[in-house]
Amino acid sequence: MDLDFTKEELETLKLYINEKYEAMNQLLVSNCETDIALLSDEVENKVVKIPYSRENIIENLMNTKILYKLFMKNFYKTKHKKEVFYRGTNLSEIERLKIEPFIDRIWSATTDKNQEEEFASNWKRPVGITITLEENVPYINVGEILNSEKDKNFILIAPFTKIKSIEENKNINLDNSKYFKYYNIVLEKQTLDKIGDIERNGLYNYILENSYPIKRKLEDCIKVEKENAINFDNIRKMEQLLRKYENAIDEKEIEEGYSDIDRAADYSDVERITQELNELKKISTNVFEVRKQNIEFVNMWKRNIAVYMIAECREIEELFKDFEIMYDTENIVDESEEENVQEEAVVSLVSGNIEETDIKNEDATEFITDEENENSEEIKIVELEETKIVELEETQKEENKLDENELQKRVKQESRENITAVEKLLSNIKNLITKQQNHAKIAGNMGASYSALNNAFEMRKTAEALLEQLEKIDQKIKELTLKEFDNRVELDLELMSKTNIEISTLINYLNNPKIAVRNSKVTRFDEMAIIEENELKRRITEKVRDIRAEAELKKLKDDLEIVEEKGGFSRFIGLFTGRNKIDDFMIEQIQYRQMAVRKSLSRKLNLAHNYSIHELMAEITMFVDDNEDDELIEDDVLDLKAIAEELRRNYIILESKVQAIVEKREGKYLPYDNRKMSKREIIELETYRFLNKYGYDITDVPKEEEPKYQDTIASEISRIVEYINSSNII
């Protein structure tokens with residue numbers, strides 16, 4: 001394959017740099033909010049141009065493929081080695097990259113590392129990035145390729161890269177009092193997934209067919225943004241008016257002469273304003289929900305674009321992976337072909353001589369006139385043509401029959417594959433329900449307050465509705481295959497095939513995990529099961545902590561009362577022995593321990609934590625061993641024993657591992673000598689051991705609002721059902 005850059009590729013690169021960089025990249029970014037922000041700016045400037053028309057999408061997808069070919073050509077022309085470039089951005093993009101490390105768009109960078117002032121002038125909350133490219137990441141130096149002095153430091157990095165590592169490097173204080181951070185990022189290439197031609201064509205048709213709805217939904221979102229801003233302003237004004245009327249009523253109630261008629265009129269005004277305010281809030285809520293649905297639709301469409309382009313770029317890569325072998329063998333192939341051509345020419349020449357000699361011999365031995373020979377030849381030609389026509393008609397019938405059978409077979413197979421996929425989906429949902437019910441049973445036996453995070457019953461209901469729709473489609477296909485095959489039936493079957501492919505694409509997305517790293521083997525239901533298991537462990541941990549901490553508070557209170565209630569005589573003797581000071585220090589330490597227990601008890605346990613059953617068993621074991629004979633907390637010890645028994649019944653627990661954790665927590669092997677320590681030091685050591693043993697923490701931990709984990713698979717299935725209903729194929 002020729003690695004020279006074509007005129008089309010160079011023109012596309014110039015077009016990308018000068019005009020199309022934003023439009024082409026936005027197609028690959030699955031974030032509708034950025035589209036709305038960009039297009040809203042255009043609305044304010046009165047230059048409204050939605051880049052998602054059908055023509056623009058076709059052009060930008062094609063240009064992206066042309067640019068990717070340019071990236072690959074440059075990749076194979078230059079020596080592969082690690083490169084370091086620089087890029088300016090803002091802190092919000094860094095936070096996004098930490099959460100979602102896949103960069104599907106074309107990234108720009110520079111070779112000039114002294115760009116802090118320029119980066120800071122272009123961004124709010126500016127950040128600089130040092131980008132290290134792994135050897136497998138294609139890139140181009142725009143200045144070198146276009147022979148442009150202006151772009152000599154301008155670098156473009158191929159799309160579909162992945163952040164291998166990201167870490168904060170240094171902080172810089174600029175002259176204009178801006179605070180500038182630098183991050184080091186290492187980029188590696190994504191592994192591009194290959195999909196079949198049928199699925200890829202289905203994705204392409206889906207992308208183009210939804211271009212108009214996308215354009216309309218984005219326009220609606222921008223319109224909603226403006227209307228909602230006006231609506232919020234009206235709500236604010238209405239709330240102020242309502243407060244004004246309510247305050248006026250309160251003032252009149254104090255005054256004399258406030259008649260019942262005036263009071264009724266004032267309350268009527270308040271009721272009217274309240275009703276108008278509620279109507280405005282209801283409109284705002286409905287508008288927000290419509291906007292949310294539009295954004296989800298656009299994001300789903302753009303994710304399909306990313307999948308399609310990944311498959312297309314994989315095809316381009318395949319060409320370049322093979323080109324070296326093709327180049328090495330090209331000369332050998334050419335020589336072989338020349339030899340074959342020469343051999344065929346010799347054989348043809350020899351055959352021609354033999355036929356010519358035979359004809360001469362026949363002419364010498366048979367006495368047939370030229371006229372008879374010509375008539376005979378004409379008859380033979382007519383008969384041959386008639387035979388060929390008959391054979392051609394038969395062949396055409398056979399081919400049509402084969403095409404008919406192939407189409408019917410393909411559509412049936414697509415339909416059955418979708419049904420099988422949803423049946424598997426239902427099986428996964430039922431398994432999740434079983435796990436949730438088992439978790440609830442385990443938690444109930446321990447008195448823990450477990451509640452499933454995902455509504456699997458709603459998932460099952462929507463999946464059953466989807467399966468019912470797919471079975472109707474399958475029945476419709478069976479009815480069509482029984483009809484006489486004509487153009488109408490063929491069109492209906494093609495429509496069924498197209499719809500089935502799009503449904504298949506949407507069903508495949510249902511298995512993609514929401515949090516797990518892309519290309520990992522964890523499925524979406526594996527992920528949900530892991531989260532539900534962790535929620536159960538969190539609730540059990542909370543229950544054990546609550547029982548243990550409350551028991552500790554009872555004991556500490558009892559210890560405090562014993563020290564404080566010493567008789568007067570003991571206190572008098574303590575003046576001389578120094579015991580009173582030790583008692584006061586003991587009271588102080590007990591109160592310190594109480595504070596640590598209460599703070600730990602008040603903290604909400606985080607779901608995003610790796611809860612260990614062995615750690616939990618170690619805590620129960622330590623507490624039971626220390627307090628088994630204490631009548632004050634006898635009931636608490638029995639409750640913890642029951643929980644421990646339930647844990648052993650439901651989890652595999654290694655006693656050796658539990659014992660190792662106990663020894664570490666208790667600090668049995670700390671090197672100290674009691675004879676060399678004062679009583680105060682011994683009390684302080686006991687406090688340290690007490691806090692370390694059960695992880696009590698006296699420090700104030702900042703409260704973080706934990707996001708609710710609830711999978712959206714039910715709503716995603718519902719949208720597939722809505723799509724089938726809107727397609728009117730059943």
# chains A, B, ... in the order shown; residues from 1 in each chain; ligands from 1
$ residues_around --residues "Glu533 of chain A" --least-positions-apart "6" --cutoff "9 Å" --atoms "only C-alpha atoms" --output "list in words"
Lys435, Gln436 and His439 of chain A
$ write_last_selection --atoms "N, CA and C atoms" --output "PDB file, in the first residue's frame"
ATOM      1  N   LYS A 435     -30.590 -13.305  44.087  1.00  0.00           N
ATOM      2  CA  LYS A 435     -29.508 -12.829  44.952  1.00  0.00           C
ATOM      3  C   LYS A 435     -30.006 -11.769  45.924  1.00  0.00           C
ATOM      4  N   GLN A 436     -30.834 -10.844  45.422  1.00  0.00           N
ATOM      5  CA  GLN A 436     -31.374  -9.801  46.290  1.00  0.00           C
ATOM      6  C   GLN A 436     -32.233 -10.398  47.404  1.00  0.00           C
ATOM      7  N   HIS A 439     -29.961 -11.953  49.887  1.00  0.00           N
ATOM      8  CA  HIS A 439     -29.342 -10.902  50.705  1.00  0.00           C
ATOM      9  C   HIS A 439     -30.315 -10.426  51.782  1.00  0.00           C
TER      10      HIS A 439
END
$ residues_around --residues "segment 202-211 of chain A" --least-positions-apart "4" --cutoff "7 Å" --atoms "only C-alpha atoms" --output "ChimeraX atom specification"
/A:52-54,198,215,301,304-305,308,498,501-502
$ residues_around --residues "Lys162 of chain A" --least-positions-apart "6" --cutoff "6 Å" --atoms "only C-alpha atoms" --output "compact mmCIF listing (two decimals) with N, CA and C atoms, in the first residue's frame"
# COMPACT_ATOMS: atom_id res chain seq x y z
N PRO A 101 -11.77 7.54 31.34
CA PRO A 101 -10.44 7.78 30.77
C PRO A 101 -10.33 7.53 29.27
N PHE A 102 -11.44 7.34 28.57
CA PHE A 102 -11.38 7.04 27.14
C PHE A 102 -11.60 8.33 26.34
N ILE A 103 -10.66 8.64 25.44
CA ILE A 103 -10.73 9.85 24.63
C ILE A 103 -11.04 9.42 23.20
N LEU A 187 -0.79 8.39 27.48
CA LEU A 187 -1.85 7.90 26.59
C LEU A 187 -1.40 6.62 25.90
N GLU A 188 -2.30 5.65 25.85
CA GLU A 188 -2.09 4.45 25.06
C GLU A 188 -3.27 4.27 24.12
N LYS A 189 -3.11 3.44 23.14
CA LYS A 189 -4.16 3.26 22.14
C LYS A 189 -5.23 2.30 22.65
N GLN A 190 -6.49 2.62 22.34
CA GLN A 190 -7.57 1.70 22.65
C GLN A 190 -7.50 0.48 21.72
$ atom_distance --atom1 "atom CA of Asp151 of chain A" --atom2 "atom CA of Thr110 of chain A"
9.4 Å
$ atom_distance --atom1 "atom CA of Leu467 of chain A" --atom2 "atom CA of Ile433 of chain A"
18.2 Å
$ closest_atom_pairs --of "segment 96-175 of chain A" --to "segment 70-77 of chain A" --cutoff "7 Å" --atoms "only C-alpha atoms" --output "JSON lines"
{"residue": "A:Pro138", "atom": "CA", "partner": "A:Phe75", "partner_atom": "CA", "distance": 5.2}
{"residue": "A:Tyr139", "atom": "CA", "partner": "A:Phe71", "partner_atom": "CA", "distance": 5.9}
{"residue": "A:Ile140", "atom": "CA", "partner": "A:Phe71", "partner_atom": "CA", "distance": 6.3}
{"residue": "A:Ala158", "atom": "CA", "partner": "A:Phe71", "partner_atom": "CA", "distance": 6.4}
$ write_last_selection --atoms "C-alpha atoms" --output "compact mmCIF listing (two decimals), in the first residue's frame"
# COMPACT_ATOMS: atom_id res chain seq x y z
CA PRO A 138 -0.58 7.50 15.96
CA TYR A 139 -0.15 11.29 15.71
CA ILE A 140 0.74 13.91 13.09
CA ALA A 158 -5.47 10.12 16.65
$ closest_residue --among "A:Lys20, A:Met496, A:Lys170, A:Ala529" --to "Lys430 of chain A" --atoms "only C-alpha atoms"
A:Ala529
$ residues_around --residues "Lys555 of chain A" --least-positions-apart "2" --cutoff "12 Å" --atoms "only C-alpha atoms" --output "list in words"
Arg548, Ala549, Glu550, Ala551, Glu552, Leu553, Lys557, Asp558, Asp559, Leu560, Glu561, Ile562, Ile590, Gln591, Arg593, Gln594, Val597, Asp626, Asn627, Asp630, Glu631, Leu632, Ile633, Glu634 and Asp636 of chain A
$ atom_distance --atom1 "atom CA of Glu279 of chain A" --atom2 "atom CA of Val298 of chain A"
28.8 Å
$ select_by_dssp --residues "segment 29-162 of chain A" --states "alpha helix (DSSP H)" --output "VMD selection string"
chain A and resid 32 to 44 54 to 77 91 to 99 116 to 122 142 to 146
$ select_by_dssp --residues "segment 167-225 of chain A" --states "strand (DSSP E)" --output "list in words"
Glu167, Glu168, Asn169, Lys170, Asn171, Ile172, Asn173, Tyr179, Phe180, Lys181, Tyr182, Tyr183, Asn184, Ile185, Val186, Leu187, Glu188 and Lys189 of chain A
$ closest_residue --among "A:Ile547, A:Ile273, A:Leu61, A:Leu3" --to "Thr78 of chain A" --atoms "only C-alpha atoms"
A:Leu3
$ decode --residues "segment 139-168 of chain A" --atoms "C-alpha atoms" --output "mmCIF file, in the first residue's frame"
data_model
loop_
_atom_site.group_PDB
_atom_site.id
_atom_site.type_symbol
_atom_site.label_atom_id
_atom_site.label_comp_id
_atom_site.auth_asym_id
_atom_site.auth_seq_id
_atom_site.Cartn_x
_atom_site.Cartn_y
_atom_site.Cartn_z
ATOM 1 C CA TYR A 139 -0.152 11.295 15.715
ATOM 2 C CA ILE A 140 0.744 13.905 13.092
ATOM 3 C CA ASN A 141 2.785 17.093 13.135
ATOM 4 C CA VAL A 142 0.567 19.433 11.132
ATOM 5 C CA GLY A 143 3.383 21.856 10.294
ATOM 6 C CA GLU A 144 5.563 19.119 8.815
ATOM 7 C CA ILE A 145 2.795 17.537 6.745
ATOM 8 C CA LEU A 146 1.406 20.828 5.369
ATOM 9 C CA ASN A 147 4.812 22.559 5.198
ATOM 10 C CA SER A 148 3.331 25.343 7.310
ATOM 11 C CA GLU A 149 5.546 27.546 9.470
ATOM 12 C CA LYS A 150 2.483 28.792 11.341
ATOM 13 C CA ASP A 151 1.578 25.243 12.475
ATOM 14 C CA LYS A 152 5.110 23.992 13.134
ATOM 15 C CA ASN A 153 4.357 23.164 16.806
ATOM 16 C CA PHE A 154 0.785 21.960 16.194
ATOM 17 C CA ILE A 155 0.164 18.252 16.913
ATOM 18 C CA LEU A 156 -2.960 16.150 16.330
ATOM 19 C CA ILE A 157 -3.354 12.872 18.215
ATOM 20 C CA ALA A 158 -5.472 10.121 16.651
ATOM 21 C CA PRO A 159 -8.918 9.421 18.176
ATOM 22 C CA PHE A 160 -9.722 6.386 20.352
ATOM 23 C CA THR A 161 -6.912 6.667 22.884
ATOM 24 C CA LYS A 162 -6.984 5.708 26.565
ATOM 25 C CA ILE A 163 -5.406 7.295 29.622
ATOM 26 C CA LYS A 164 -2.977 4.791 31.063
ATOM 27 C CA SER A 165 -2.075 7.007 34.030
ATOM 28 C CA ILE A 166 -2.826 10.512 35.267
ATOM 29 C CA GLU A 167 -1.126 12.292 38.138
ATOM 30 C CA GLU A 168 -0.668 15.826 39.400
#
